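*Asks:* Just passing along the structure, written as structure tokens.
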Amino acid sequence: MNFLLVSLRTLTLILLVLIVLSAFFSASETALTSCSKLRLKKLAKNGNERANKVLKLIDSYDETLSTILIGNNIVNIAAASISAAVCTAYFGAEGLAAATIITAIVVIIFGELLPKSAAKDLPEKFALFCAPLLSFLVLILTPLNFFFKTAKAFLTKVLKRNNSRGLTEDELLLMVDEVENDGAINKEDSELIKSAIEFSDIRVREIMTPRVDAVTLDIADGNQEALKTFVSHGFSRLPVYKEDDDKMIGIIHAKDFFTAYINNPDFKLERIVKDIAYVHSSTKISLVMKTLQDQKVEMAMVVDSYGTIRGLVTTEDIVEELVGEIWDEHDKVISAFHKVGKDKYLVSCNSNLQNPSLNDLFKYLELDIDRYGLENNSISGWVVETLGDIPHKGDSFDCKDLHITVNKTNKNRVLEILIDKVPQIEEEK
């Protein structure tokens with residue numbers, strides 16, 4: 001009887017050890033999938049050997065996961081068997097059902113839920129704690145891991161499934177948001193990273209200065225008109241055309257003009273005209289930047305598929321897509337957006353921003369442009385496309401919780417709009 005009692009106590013102790021091991025495997029799996037490799041690399045760089053072990057486990061995650069699953073299943077099955085033996089010894093045949101229920105509850109709570117929840121909150125700490133024993137088990141179970149790895153490779157080949165999927169752009173943006181929310185980076189850094197990720201997707205037509213807003217010069221107008229244009233606008237370069245503004249012949253730099261003008265006010269403008277680049281309106285701005293760099297110019301004319309000039313773009317326009325609006329000491333800062341009442345905004349479609357975009361507008365309103373199903377465009381272009389006709393003062397339309405009214409026009413152009421944010425009660429419910 002005493003021997004039986006000792007055996008039951010031993011089995012009970014073993015059962016507790018198995019529950020602890022189940023918790024260990026569950027916590028280690030969650031910790032390895034949740035921990036930050038950047039933090040671990042920093043710890044490893046500072047001489048933390050356990051961090052190196054964790055990084056090796058993550059790099060060979062297939063073998064690590066196989067080890068965790070094998071160990072977890074072994075201890076859970078052993079726990080169920082010992083629990084059945086203990087309960088049967090204490091309660092007889094009726095104890096078998098009780099053993100199944102009790103074991104399931106204990107394993108789920110103490111072997112799965114609680115350790116995984118704790119590991120999720122402190123992933124690096126748990127990963128560092130689990131690394132030595134887990135590395136040892138991976139080594140011991142190498143033959144089994146090799147078998148499972150071979151079987152997986154065979155199944156992958158049979159199913160012709162490609163498992164080497166990289167991160168998508170949306171996933172990268174979501175990761176940046178999570179890092180920002182965790183406080184690892186500030187809002188400004190987050191916006192810069194997002195701009196860099198989205199940089200290659202922007203087309204030049206989204207950021208160009210439309211042709212009607214571009215300041216150009218007729219070569220026949222002469223030096224006095226060029227002087228007046230440079231002085232009144234303060235630009236460092238001007239596109240130059242001959243006869244009509246569809247026949248661009250190049251650009252004039254303010255430095256070259258004033259140097260030549262001081263020496264001889266009657267010099268020929270043709271002498272200082274430099275070549276100008278041309279890009280298609282659908283070209284991505286990353287390629288436009290490379291074109292400008294290769295041709296060693298700061299400005300390009302934007303043309304459509306018929307060769308018609310649609311506008312112009314500068315290096316500064318492209319850089320501003322990364323770092324935001326750039327002002328110099330000659331710029332007169334005039335905001336395109338003004339709050340004129342509660343949830344009411346007056347928006348100028350033409351300012352020293354040249355042609356403020358929808359991205360600029362939605363950033364000012366602190367709204368997510370993707371939620372409205374919109375792509376970046378000029379505000380005036382968005383209004384015209386939505387109305388589907390030449391806009392007139394008083395024309396209006398709705399875009400989810402925004403009510404837009406045309407406030408000022410000039411012929412077929414929108415100069416100013418009013419935006420009202422209307423609460424969407426049903427949507428909030």
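All residue names refer to the structure tokens as shown: chains lettered A, B, ... in order, residues numbered from 1 in each chain, ligands numbered from 1 in order.
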Taking the chain letters and numbering used in this document, name the residues of range 138-330 of chain A that DSSP puts in strand (DSSP E), as an mmCIF file with C-alpha atoms, in the first residue's frame.
*Replies:*
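File part_25.cif, as written:
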```
data_model
loop_
_atom_site.group_PDB
_atom_site.id
_atom_site.type_symbol
_atom_site.label_atom_id
_atom_site.label_comp_id
_atom_site.auth_asym_id
_atom_site.auth_seq_id
_atom_site.Cartn_x
_atom_site.Cartn_y
_atom_site.Cartn_z
ATOM 1 C CA THR A 209 2.690 71.738 -61.849
ATOM 2 C CA PRO A 210 -0.100 71.827 -64.467
ATOM 3 C CA LEU A 217 8.709 82.749 -71.297
ATOM 4 C CA ASP A 218 8.467 83.395 -75.040
ATOM 5 C CA ARG A 237 14.909 78.950 -63.842
ATOM 6 C CA LEU A 238 12.274 79.530 -66.523
ATOM 7 C CA PRO A 239 11.091 77.240 -69.361
ATOM 8 C CA VAL A 240 11.420 79.018 -72.706
ATOM 9 C CA TYR A 241 9.307 78.438 -75.836
ATOM 10 C CA LYS A 242 9.282 79.737 -79.382
ATOM 11 C CA ASP A 244 3.723 78.902 -78.830
ATOM 12 C CA ASP A 245 4.121 77.120 -75.495
ATOM 13 C CA ASP A 246 3.897 73.669 -77.107
ATOM 14 C CA LYS A 247 7.319 74.290 -78.664
ATOM 15 C CA MET A 248 9.637 74.362 -75.677
ATOM 16 C CA ILE A 249 13.246 74.999 -76.653
ATOM 17 C CA GLY A 250 14.862 74.810 -73.220
ATOM 18 C CA ILE A 251 15.275 76.613 -69.910
ATOM 19 C CA ILE A 252 17.040 79.791 -68.757
ATOM 20 C CA HIS A 253 18.800 79.903 -65.390
ATOM 21 C CA ALA A 277 14.288 67.061 -70.251
ATOM 22 C CA TYR A 278 10.954 65.460 -71.176
ATOM 23 C CA VAL A 279 9.124 62.762 -69.219
ATOM 24 C CA HIS A 280 5.804 60.987 -69.721
ATOM 25 C CA MET A 299 13.435 70.549 -64.403
ATOM 26 C CA ALA A 300 11.528 68.426 -66.914
ATOM 27 C CA MET A 301 8.470 69.032 -69.065
ATOM 28 C CA VAL A 302 5.693 66.476 -68.613
ATOM 29 C CA VAL A 303 4.020 65.243 -71.804
ATOM 30 C CA ILE A 309 2.836 69.310 -72.765
ATOM 31 C CA ARG A 310 0.749 68.765 -69.624
ATOM 32 C CA GLY A 311 2.948 70.516 -67.082
ATOM 33 C CA LEU A 312 6.397 70.573 -65.537
ATOM 34 C CA VAL A 313 8.167 68.905 -62.634
ATOM 35 C CA THR A 314 11.319 69.814 -60.721
#
```
*Asks:* Just list as a PyMOL selection string whatever in range 84-159 of chain A DSSP marks as alpha helix (DSSP H).
*Replies:* chain A and resi 84-91+95-106+114-121+123-140+142-159
*Asks:* In Å to one decimal, how far is CA of Val215 in chain A from CA of Ser232 in chain A?
*Replies:* 10.9 Å
*Asks:* Considering only C-alpha atoms, can you say which of A:Val319, A:Val204, A:Ile285, A:Leu415 comes closest to Ser348 in chain A?
*Replies:*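 That would be A:Leu415, the residue with the smallest distance to Ser348 in chain A.
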*Asks:* What's the 7 Å shell around range 388-402 of chain A, counting only C-alpha atoms, without same-chain residues fewer than 4 positions away, as a list in words?
*Replies:*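 Residues meeting the cut-off are Tyr372, Val384, Val406, Asn407, Lys408, Thr409, Asn412, Val414, Ile419, Asp420, Lys421, Val422, Pro423 and Gln424 of chain A.
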*Asks:* Could you turn the residues from that selection into a file that holds N, CA and C atoms, as a JSON list (two decimals), in the first residue's frame?
*Replies:*
```json
[["chain", "number", "residue", "atom", "x", "y", "z"],
["A", 372, "TYR", "N", -11.21, 56.65, -48.04],
["A", 372, "TYR", "CA", -12.14, 57.27, -48.97],
["A", 372, "TYR", "C", -12.01, 56.70, -50.39],
["A", 384, "VAL", "N", -13.09, 68.18, -60.57],
["A", 384, "VAL", "CA", -13.59, 68.12, -61.95],
["A", 384, "VAL", "C", -13.97, 66.70, -62.33],
["A", 406, "VAL", "N", -18.07, 73.94, -54.69],
["A", 406, "VAL", "CA", -17.19, 74.80, -55.47],
["A", 406, "VAL", "C", -17.48, 76.25, -55.09],
["A", 407, "ASN", "N", -16.45, 76.96, -54.64],
["A", 407, "ASN", "CA", -16.65, 78.34, -54.15],
["A", 407, "ASN", "C", -16.18, 79.40, -55.13],
["A", 408, "LYS", "N", -15.18, 79.05, -55.97],
["A", 408, "LYS", "CA", -14.67, 80.04, -56.93],
["A", 408, "LYS", "C", -14.09, 79.30, -58.13],
["A", 409, "THR", "N", -14.38, 79.79, -59.32],
["A", 409, "THR", "CA", -13.87, 79.18, -60.55],
["A", 409, "THR", "C", -13.30, 80.27, -61.47],
["A", 412, "ASN", "N", -12.85, 77.15, -66.90],
["A", 412, "ASN", "CA", -13.08, 75.72, -66.62],
["A", 412, "ASN", "C", -12.20, 75.21, -65.49],
["A", 414, "VAL", "N", -11.13, 75.10, -61.28],
["A", 414, "VAL", "CA", -11.60, 75.28, -59.90],
["A", 414, "VAL", "C", -10.50, 76.01, -59.13],
["A", 419, "ILE", "N", -15.21, 72.77, -47.77],
["A", 419, "ILE", "CA", -15.40, 71.39, -47.32],
["A", 419, "ILE", "C", -16.09, 71.40, -45.97],
["A", 420, "ASP", "N", -17.19, 70.65, -45.86],
["A", 420, "ASP", "CA", -17.90, 70.47, -44.59],
["A", 420, "ASP", "C", -17.78, 69.01, -44.18],
["A", 421, "LYS", "N", -17.34, 68.78, -42.95],
["A", 421, "LYS", "CA", -17.31, 67.41, -42.41],
["A", 421, "LYS", "C", -18.66, 67.14, -41.75],
["A", 422, "VAL", "N", -19.42, 66.24, -42.35],
["A", 422, "VAL", "CA", -20.76, 65.93, -41.86],
["A", 422, "VAL", "C", -20.70, 64.64, -41.07],
["A", 423, "PRO", "N", -21.09, 64.62, -39.80],
["A", 423, "PRO", "CA", -21.08, 63.39, -38.99],
["A", 423, "PRO", "C", -21.93, 62.31, -39.62],
["A", 424, "GLN", "N", -21.36, 61.10, -39.71],
["A", 424, "GLN", "CA", -22.08, 59.95, -40.27],
["A", 424, "GLN", "C", -22.58, 59.10, -39.12]]
```
*Asks:* Report as a PyMOL selection string all protein, DNA and RNA residues lying within 10 Å of Asn359 in chain A, evaluated on only C-alpha atoms, omitting residues in the same chain fewer than 3 positions from it.
*Replies:* chain A and resi 206+321+356+362-365+367-369+374-379
*Asks:* Which is closer to Ile14 in chain A than all the others in A:Leu113, A:Leu227, A:Ser357, A:Ala78, using only C-alpha atoms?
*Replies:*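 Counting only C-alpha atoms, the residue closest to Ile14 in chain A is A:Ala78.
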*Asks:* Quick one: everything within 8 Å of Asn72 in chain A, counting only C-alpha atoms, minus sequence neighbours fewer than 6 positions away in the same chain. Send it as a list in words.
*Replies:*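 Here the answer would be Leu21, Ser22, Phe25 and Ser26 of chain A.
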*Asks:* Mind dumping the selected residues with N, CA and C atoms as a tab-separated table (two decimals), in the first residue's frame?
*Replies:*
```tsv
chain	number	residue	atom	x	y	z
A	21	LEU	N	6.53	21.61	-18.67
A	21	LEU	CA	7.18	21.49	-19.98
A	21	LEU	C	6.24	21.91	-21.11
A	22	SER	N	4.95	21.57	-20.98
A	22	SER	CA	3.96	22.00	-21.96
A	22	SER	C	3.90	23.53	-22.03
A	25	PHE	N	7.09	24.83	-23.87
A	25	PHE	CA	7.03	24.75	-25.33
A	25	PHE	C	6.05	25.77	-25.92
A	26	SER	N	4.90	25.95	-25.27
A	26	SER	CA	3.93	26.92	-25.76
A	26	SER	C	4.47	28.34	-25.69
```
*Asks:* Kindly indicate which residue among A:Ala254, A:Asp275, A:Lys339, A:Arg205 lies nearest to Gly381 in chain A, using only C-alpha atoms for the distances.
*Replies:*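 Using only C-alpha atoms, Gly381 in chain A sits closest to A:Arg205.
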*Asks:* Excluding Ile68 in chain A and residues on its chain fewer than 2 positions from it, collect all residues at most 10 Å away from it, counting only C-alpha atoms, and give them as a PyMOL selection string.
*Replies:* chain A and resi 22+24-29+62-66+70-74+134+137-138
*Asks:* Just N, CA and C atoms for this one: save the residues we selected as a PDB file, in the first residue's frame.
*Replies:*
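Result written to again_17.pdb:
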```pdb
ATOM      1  N   SER A  22       4.952  21.574 -20.976  1.00  0.00           N
ATOM      2  CA  SER A  22       3.963  21.998 -21.964  1.00  0.00           C
ATOM      3  C   SER A  22       3.904  23.528 -22.026  1.00  0.00           C
ATOM      4  N   PHE A  24       6.341  25.482 -21.195  1.00  0.00           N
ATOM      5  CA  PHE A  24       7.619  25.917 -21.761  1.00  0.00           C
ATOM      6  C   PHE A  24       7.570  25.928 -23.288  1.00  0.00           C
ATOM      7  N   PHE A  25       7.086  24.833 -23.870  1.00  0.00           N
ATOM      8  CA  PHE A  25       7.028  24.745 -25.333  1.00  0.00           C
ATOM      9  C   PHE A  25       6.053  25.770 -25.917  1.00  0.00           C
ATOM     10  N   SER A  26       4.904  25.952 -25.273  1.00  0.00           N
ATOM     11  CA  SER A  26       3.925  26.924 -25.761  1.00  0.00           C
ATOM     12  C   SER A  26       4.471  28.344 -25.692  1.00  0.00           C
ATOM     13  N   ALA A  27       5.105  28.673 -24.573  1.00  0.00           N
ATOM     14  CA  ALA A  27       5.661  30.018 -24.398  1.00  0.00           C
ATOM     15  C   ALA A  27       6.800  30.273 -25.380  1.00  0.00           C
ATOM     16  N   SER A  28       7.652  29.270 -25.601  1.00  0.00           N
ATOM     17  CA  SER A  28       8.796  29.454 -26.498  1.00  0.00           C
ATOM     18  C   SER A  28       8.337  29.692 -27.936  1.00  0.00           C
ATOM     19  N   GLU A  29       7.290  28.978 -28.365  1.00  0.00           N
ATOM     20  CA  GLU A  29       6.767  29.172 -29.724  1.00  0.00           C
ATOM     21  C   GLU A  29       6.272  30.607 -29.909  1.00  0.00           C
ATOM     22  N   ASP A  62      12.169  26.411 -39.130  1.00  0.00           N
ATOM     23  CA  ASP A  62      11.494  25.147 -39.454  1.00  0.00           C
ATOM     24  C   ASP A  62      11.921  24.042 -38.482  1.00  0.00           C
ATOM     25  N   GLU A  63      13.228  23.920 -38.249  1.00  0.00           N
ATOM     26  CA  GLU A  63      13.719  22.918 -37.304  1.00  0.00           C
ATOM     27  C   GLU A  63      13.276  23.229 -35.878  1.00  0.00           C
ATOM     28  N   THR A  64      13.297  24.507 -35.536  1.00  0.00           N
ATOM     29  CA  THR A  64      12.880  24.917 -34.187  1.00  0.00           C
ATOM     30  C   THR A  64      11.408  24.595 -33.947  1.00  0.00           C
ATOM     31  N   LEU A  65      10.572  24.918 -34.948  1.00  0.00           N
ATOM     32  CA  LEU A  65       9.139  24.660 -34.806  1.00  0.00           C
ATOM     33  C   LEU A  65       8.861  23.161 -34.712  1.00  0.00           C
ATOM     34  N   SER A  66       9.580  22.362 -35.508  1.00  0.00           N
ATOM     35  CA  SER A  66       9.406  20.907 -35.440  1.00  0.00           C
ATOM     36  C   SER A  66       9.748  20.399 -34.044  1.00  0.00           C
ATOM     37  N   ILE A  70       7.088  18.582 -31.607  1.00  0.00           N
ATOM     38  CA  ILE A  70       7.355  17.213 -31.140  1.00  0.00           C
ATOM     39  C   ILE A  70       7.345  17.171 -29.612  1.00  0.00           C
ATOM     40  N   GLY A  71       8.092  18.090 -28.990  1.00  0.00           N
ATOM     41  CA  GLY A  71       8.157  18.119 -27.534  1.00  0.00           C
ATOM     42  C   GLY A  71       6.801  18.368 -26.900  1.00  0.00           C
ATOM     43  N   ASN A  72       6.031  19.313 -27.462  1.00  0.00           N
ATOM     44  CA  ASN A  72       4.722  19.650 -26.896  1.00  0.00           C
ATOM     45  C   ASN A  72       3.760  18.468 -26.976  1.00  0.00           C
ATOM     46  N   ASN A  73       3.773  17.782 -28.116  1.00  0.00           N
ATOM     47  CA  ASN A  73       2.874  16.636 -28.266  1.00  0.00           C
ATOM     48  C   ASN A  73       3.268  15.486 -27.346  1.00  0.00           C
ATOM     49  N   ILE A  74       4.572  15.262 -27.205  1.00  0.00           N
ATOM     50  CA  ILE A  74       5.027  14.172 -26.323  1.00  0.00           C
ATOM     51  C   ILE A  74       4.595  14.435 -24.890  1.00  0.00           C
ATOM     52  N   LEU A 134      16.029  24.962 -25.487  1.00  0.00           N
ATOM     53  CA  LEU A 134      15.461  24.738 -26.813  1.00  0.00           C
ATOM     54  C   LEU A 134      16.563  24.416 -27.830  1.00  0.00           C
ATOM     55  N   LEU A 137      17.513  20.803 -27.318  1.00  0.00           N
ATOM     56  CA  LEU A 137      16.501  19.881 -27.856  1.00  0.00           C
ATOM     57  C   LEU A 137      16.540  19.831 -29.379  1.00  0.00           C
ATOM     58  N   VAL A 138      16.781  20.992 -30.013  1.00  0.00           N
ATOM     59  CA  VAL A 138      16.909  21.015 -31.475  1.00  0.00           C
ATOM     60  C   VAL A 138      18.057  20.109 -31.906  1.00  0.00           C
TER      61      VAL A 138
END
```
*Asks:* In Å, rounded to a single decimal, give me how far CA of Gly307 in chain A is from CA of Ile276 in chain A.
*Replies:*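 Calculated distance between CA of Ile276 in chain A and CA of Gly307 in chain A is 14.7 Å.
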*Asks:* With only C-alpha atoms as the basis for distance, which of A:Phe199, A:Phe126, A:Tyr261, A:Phe136 is at the shortest distance from Val323 in chain A?
*Replies:*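 Between A:Phe199, A:Phe126, A:Tyr261, A:Phe136, the residue approaching Val323 in chain A most closely is A:Phe199.
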*Asks:* Choose the residue, out of A:Ala260, A:Ala80, A:Thr405, A:Ile102, that has the smallest atom-to-atom separation from Leu11 in chain A; count only C-alpha atoms.
*Replies:*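 Between A:Ala260, A:Ala80, A:Thr405, A:Ile102, the residue approaching Leu11 in chain A most closely is A:Ala80.
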*Asks:* One decimal, Å: what's the distance from CA of Ala119 in chain A over to CA of Val54 in chain A, could you say?
*Replies:*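 It comes out at 14.2 Å.
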*Asks:* Tell me which of A:Leu172, A:Leu16, A:Val347, A:Ala127 sits closest to Lys53 in chain A, counting only C-alpha atoms.
*Replies:*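 The closest residue to Lys53 in chain A is A:Ala127.
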